[in-house]
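One structure is given here, and the rest of the page talks about it.
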Amino acid sequence: MSSSRIGLGLRPFRLRALPVTLFLLAGGTVLAAAPVEAGAIPAFSGERALELIVEQCALGPRTPGSSGNAAVRRMIMKAAEGAGLQAIPLCFQVPLGPDGTPIEACNIVVSAGPPGGERLWLGAHFDTRPWADRDASPGRRNLPIAGANDGGSGTAVLLHLIELFGSSPPPQGVDLLFFDAEDSGQAHDAAGFCLGSRHLVGTMGDFGHPLSAGTPRGLILLDMVGEAGARIPQEGYSLELAPAWTAAVFARAADLGLTVFEAVPGRQVYDDHVPFLLAGVPAVDLIDFDYPQWHTSGDTPDRCSAATLGQVGRLVTDLVYRP
Ligand SMILES: [Zn+2]
């Protein structure tokens, strides 16, 4: 994601075949939790999510077009297969090869619960940044990052959710959106970021697309959600363009007593939720942007904690099983 402030031109554009007005109406809904039988909500394990960060980092950098990127895609497909869920790769070309030549990138959509209808979307990018351009050491700035927190953490939470879905099918339709090619932009040039999510939003109204059969209640994006001692405020674009959805998600966190989440305005971050907001889909970016190791060689698994991941996982698990 990019930290640069950009003019978003806050007029939602109309997608080819999508009922944008329905999305806007959905943004006004409140996530009043329905009572659920005791034991019906599976326990999300922060320790397991941390293991899944370590496993991703062991694959090496997951930059678009790399062997590590292909390996993490296989990891997602295998997790879905193990849980008996359908996973659909959606591949496209991005100009991220040598001298801007096109290479293939692939988003992956994993669907669970009843088909069609109103659905909860949960997203994370699984690619990692090709350069540690904010590193204190100039000699490391051209090297790829490990991406434990930036890329690894949100992906780990979604991977563990897939495991939970295998034994406890969700009561509502849920789509997990794994984004590729989020983090290969140059600093201060938002156009180079979020290529995967932009492609997904631009095509999701197409006939036969896995997201075209349902209507989103909203998207929850998980990015940099693993730092030890993390603090997650209400990201600025989410608050501005999806205030009801953002408030509802943070209200649930407060109900659960999750101290990582603070219902105070945060800075604006151009991230994978922005293309959805511009298309009229309620979207909230859960992001701890106050991370000193952001885009440095220090973004390693030892910066992440099972306690933080456990709180984030508990929030999304509760939202899945108590719609
Ligand atoms: Zn990043």
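Residue numbering restarts at 1 in every chain; chains get A, B, ... in the order shown in the structure tokens, and ligands count up from 1 in that same order.
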Check: Which residues form the shell of 6 Å around ligand 1 when you count only C-alpha atoms and all ligand atoms, given as an MDAnalysis selection string?
Finding: chainID A and resid 1 129 150 183 295
Item checked: Selection: 10 Å around Leu211 (chain A), only C-alpha atoms, excl. self and same-chain fewer than 3 positions, as a ChimeraX atom specification -> /A:109,111,116,119,121,175,177,200-201,203-208,214-216
Margin query: Nearest residue to Leu122 (chain A) out of A:Ile53, A:Leu161, A:Ala87, A:Ala306, using only C-alpha atoms?
Written below: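 For Leu122 (chain A), the nearest of the given residues is A:Leu161.
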Next item on the list: Skip Ala263 (chain A) itself and residues of its chain fewer than 2 positions away, then list as number ranges by chain all residues within 12 Å of it, counting only C-alpha atoms.
Entry: A: 231-236, 239, 243, 246-254, 258-261, 265-266, 286
Dump of N, CA and C atoms for the selected residues, as a PDB file, in the first residue's frame:
```pdb
ATOM      1  N   ARG A 231      -1.736  -1.392  16.984  1.00  0.00           N
ATOM      2  CA  ARG A 231      -2.903  -0.565  17.286  1.00  0.00           C
ATOM      3  C   ARG A 231      -3.564  -0.275  15.944  1.00  0.00           C
ATOM      4  N   ILE A 232      -4.826  -0.608  15.835  1.00  0.00           N
ATOM      5  CA  ILE A 232      -5.527  -0.464  14.554  1.00  0.00           C
ATOM      6  C   ILE A 232      -6.644   0.569  14.707  1.00  0.00           C
ATOM      7  N   PRO A 233      -6.430   1.794  14.184  1.00  0.00           N
ATOM      8  CA  PRO A 233      -7.493   2.810  14.210  1.00  0.00           C
ATOM      9  C   PRO A 233      -8.392   2.658  12.990  1.00  0.00           C
ATOM     10  N   GLN A 234      -9.325   3.588  12.817  1.00  0.00           N
ATOM     11  CA  GLN A 234     -10.244   3.545  11.669  1.00  0.00           C
ATOM     12  C   GLN A 234      -9.595   4.272  10.497  1.00  0.00           C
ATOM     13  N   GLU A 235      -9.129   3.495   9.532  1.00  0.00           N
ATOM     14  CA  GLU A 235      -8.403   4.047   8.369  1.00  0.00           C
ATOM     15  C   GLU A 235      -9.261   5.120   7.674  1.00  0.00           C
ATOM     16  N   GLY A 236      -8.595   6.162   7.183  1.00  0.00           N
ATOM     17  CA  GLY A 236      -9.285   7.360   6.734  1.00  0.00           C
ATOM     18  C   GLY A 236     -10.262   7.187   5.590  1.00  0.00           C
ATOM     19  N   LEU A 239     -13.363   5.276   6.722  1.00  0.00           N
ATOM     20  CA  LEU A 239     -14.217   6.113   7.567  1.00  0.00           C
ATOM     21  C   LEU A 239     -15.010   7.116   6.728  1.00  0.00           C
ATOM     22  N   PRO A 243     -18.716   4.834   6.300  1.00  0.00           N
ATOM     23  CA  PRO A 243     -18.730   5.093   7.754  1.00  0.00           C
ATOM     24  C   PRO A 243     -19.563   4.089   8.544  1.00  0.00           C
ATOM     25  N   THR A 246     -17.692   0.695   8.664  1.00  0.00           N
ATOM     26  CA  THR A 246     -16.514   0.818   9.529  1.00  0.00           C
ATOM     27  C   THR A 246     -16.942   0.844  10.997  1.00  0.00           C
ATOM     28  N   ALA A 247     -17.975   1.629  11.289  1.00  0.00           N
ATOM     29  CA  ALA A 247     -18.449   1.727  12.674  1.00  0.00           C
ATOM     30  C   ALA A 247     -18.954   0.379  13.170  1.00  0.00           C
ATOM     31  N   ALA A 248     -19.646  -0.349  12.299  1.00  0.00           N
ATOM     32  CA  ALA A 248     -20.205  -1.646  12.710  1.00  0.00           C
ATOM     33  C   ALA A 248     -19.095  -2.647  13.032  1.00  0.00           C
ATOM     34  N   VAL A 249     -18.056  -2.666  12.204  1.00  0.00           N
ATOM     35  CA  VAL A 249     -16.952  -3.608  12.439  1.00  0.00           C
ATOM     36  C   VAL A 249     -16.219  -3.254  13.740  1.00  0.00           C
ATOM     37  N   PHE A 250     -15.995  -1.979  13.954  1.00  0.00           N
ATOM     38  CA  PHE A 250     -15.300  -1.575  15.191  1.00  0.00           C
ATOM     39  C   PHE A 250     -16.196  -1.755  16.421  1.00  0.00           C
ATOM     40  N   ALA A 251     -17.511  -1.619  16.238  1.00  0.00           N
ATOM     41  CA  ALA A 251     -18.420  -1.862  17.371  1.00  0.00           C
ATOM     42  C   ALA A 251     -18.347  -3.320  17.804  1.00  0.00           C
ATOM     43  N   ARG A 252     -18.241  -4.225  16.819  1.00  0.00           N
ATOM     44  CA  ARG A 252     -18.124  -5.648  17.167  1.00  0.00           C
ATOM     45  C   ARG A 252     -16.820  -5.895  17.943  1.00  0.00           C
ATOM     46  N   ALA A 253     -15.743  -5.249  17.490  1.00  0.00           N
ATOM     47  CA  ALA A 253     -14.456  -5.405  18.190  1.00  0.00           C
ATOM     48  C   ALA A 253     -14.586  -4.933  19.643  1.00  0.00           C
ATOM     49  N   ALA A 254     -15.298  -3.813  19.828  1.00  0.00           N
ATOM     50  CA  ALA A 254     -15.487  -3.291  21.186  1.00  0.00           C
ATOM     51  C   ALA A 254     -16.332  -4.248  22.024  1.00  0.00           C
ATOM     52  N   LEU A 258     -11.774  -6.355  22.311  1.00  0.00           N
ATOM     53  CA  LEU A 258     -10.495  -6.517  21.610  1.00  0.00           C
ATOM     54  C   LEU A 258      -9.722  -5.198  21.633  1.00  0.00           C
ATOM     55  N   THR A 259      -8.653  -5.157  22.380  1.00  0.00           N
ATOM     56  CA  THR A 259      -7.964  -3.891  22.662  1.00  0.00           C
ATOM     57  C   THR A 259      -7.062  -3.409  21.520  1.00  0.00           C
ATOM     58  N   VAL A 260      -6.789  -4.271  20.530  1.00  0.00           N
ATOM     59  CA  VAL A 260      -5.980  -3.854  19.386  1.00  0.00           C
ATOM     60  C   VAL A 260      -6.709  -2.781  18.572  1.00  0.00           C
ATOM     61  N   PHE A 261      -8.042  -2.837  18.569  1.00  0.00           N
ATOM     62  CA  PHE A 261      -8.837  -1.932  17.736  1.00  0.00           C
ATOM     63  C   PHE A 261      -9.226  -0.687  18.526  1.00  0.00           C
ATOM     64  N   PRO A 265     -10.213   8.106  14.434  1.00  0.00           N
ATOM     65  CA  PRO A 265      -9.804   8.290  13.035  1.00  0.00           C
ATOM     66  C   PRO A 265      -8.310   8.051  12.845  1.00  0.00           C
ATOM     67  N   GLY A 266      -7.991   7.283  11.800  1.00  0.00           N
ATOM     68  CA  GLY A 266      -6.597   7.039  11.439  1.00  0.00           C
ATOM     69  C   GLY A 266      -6.256   7.732  10.136  1.00  0.00           C
ATOM     70  N   LEU A 286      -8.501  -2.821   7.830  1.00  0.00           N
ATOM     71  CA  LEU A 286      -7.942  -2.992   9.164  1.00  0.00           C
ATOM     72  C   LEU A 286      -6.428  -3.029   8.992  1.00  0.00           C
TER      73      LEU A 286
END
```
Notebook entry, point to check: What is the CA of Asp318 (chain A) to CA of Trp294 (chain A) distance in Å?
Noted result: 28.6 Å
Note to self: Residues of region 117-277 of chain A classed as strand (DSSP E) by DSSP on the backbone are to be reported as a ChimeraX atom specification.
What the structure shows: /A:117-125,173-179,214-223,232-234,261-265
Item checked: Given only C-alpha atoms as the counted atoms, nearest of A:Asn142, A:Thr128, A:Ser305, A:Gln311 to Glu182 (chain A) ->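 Smallest separation from Glu182 (chain A) among the options: A:Thr128.
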Item checked: Selected residue, from A:Pro89, A:Pro170, A:Gly154, A:Gly280, that lies nearest to Arg73 (chain A) when counting only C-alpha atoms -> A:Pro89
Check: Expressed in Å to a single decimal, how great is the separation between CA of Phe44 (chain A) and CA of Ser153 (chain A)?
Finding: 14.1 Å
Item checked: Distance in Å - CA of Pro171 (chain A) versus CA of Met224 (chain A) ->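 Result for CA of Pro171 (chain A) versus CA of Met224 (chain A): 27.5 Å, one decimal.
Excluding Lys78 (chain A) itself and same-chain residues fewer than 3 positions from it, the residues having an atom within 12 Å of it are Ala71, Val72, Arg73, Arg74, Met75, Glu81, Gly82, Ala83, Gly84, Leu85, Gln86, Ala87, Ile88, Ile108, Val110, Leu159, Ile162 and Glu163 of chain A, counting only C-alpha atoms.
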Would you output that residue set with C-alpha atoms, as an mmCIF file, in the first residue's frame?
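Everything below was put into result_11.cif:
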```cif
data_model
loop_
_atom_site.group_PDB
_atom_site.id
_atom_site.type_symbol
_atom_site.label_atom_id
_atom_site.label_comp_id
_atom_site.auth_asym_id
_atom_site.auth_seq_id
_atom_site.Cartn_x
_atom_site.Cartn_y
_atom_site.Cartn_z
ATOM 1 C CA ALA A 71 4.446 -21.289 -3.948
ATOM 2 C CA VAL A 72 2.136 -19.206 -1.759
ATOM 3 C CA ARG A 73 -0.562 -19.502 -4.418
ATOM 4 C CA ARG A 74 -0.179 -23.286 -4.227
ATOM 5 C CA MET A 75 -0.375 -23.008 -0.415
ATOM 6 C CA GLU A 81 -8.716 -28.220 -1.217
ATOM 7 C CA GLY A 82 -8.024 -29.600 2.278
ATOM 8 C CA ALA A 83 -11.131 -27.821 3.574
ATOM 9 C CA GLY A 84 -13.280 -29.006 0.674
ATOM 10 C CA LEU A 85 -13.734 -25.460 -0.632
ATOM 11 C CA GLN A 86 -13.695 -24.089 -4.132
ATOM 12 C CA ALA A 87 -10.715 -21.855 -4.937
ATOM 13 C CA ILE A 88 -10.647 -20.007 -8.243
ATOM 14 C CA ILE A 108 -7.499 -16.211 -5.832
ATOM 15 C CA VAL A 110 -12.040 -18.959 -2.045
ATOM 16 C CA LEU A 159 -5.454 -19.235 5.554
ATOM 17 C CA ILE A 162 -9.984 -21.682 5.576
ATOM 18 C CA GLU A 163 -8.889 -24.347 8.065
#
```
Notebook entry, point to check: Given the choices A:Asp223, A:Asp135, A:Glu262, A:Glu104, which gets closest to Leu195 (chain A) if the distance is worked out from only C-alpha atoms?
Noted result: A:Glu104
Next item on the list: Go through A:Ile76, A:Ala213, A:Ala49, A:Ala187 one by one, measure the shortest atom-to-atom distance of each to Pro114 (chain A) using only C-alpha atoms, and give the residue with the smallest value.
Entry: A:Ala213
If you take only C-alpha atoms and a cut-off of 10 Å, which residues of region 134-221 of chain A touch region 95-98 of chain A, and what are their nearest atom pairs and distances in Å to one decimal, in chain and number order, as JSON lines?
```
{"residue": "A:Ala181", "atom": "CA", "partner": "A:Leu96", "partner_atom": "CA", "distance": 8.8}
{"residue": "A:Ser184", "atom": "CA", "partner": "A:Leu96", "partner_atom": "CA", "distance": 7.7}
{"residue": "A:Gly185", "atom": "CA", "partner": "A:Leu96", "partner_atom": "CA", "distance": 9.4}
{"residue": "A:Gly192", "atom": "CA", "partner": "A:Leu96", "partner_atom": "CA", "distance": 9.5}
{"residue": "A:Leu195", "atom": "CA", "partner": "A:Pro95", "partner_atom": "CA", "distance": 9.8}
```
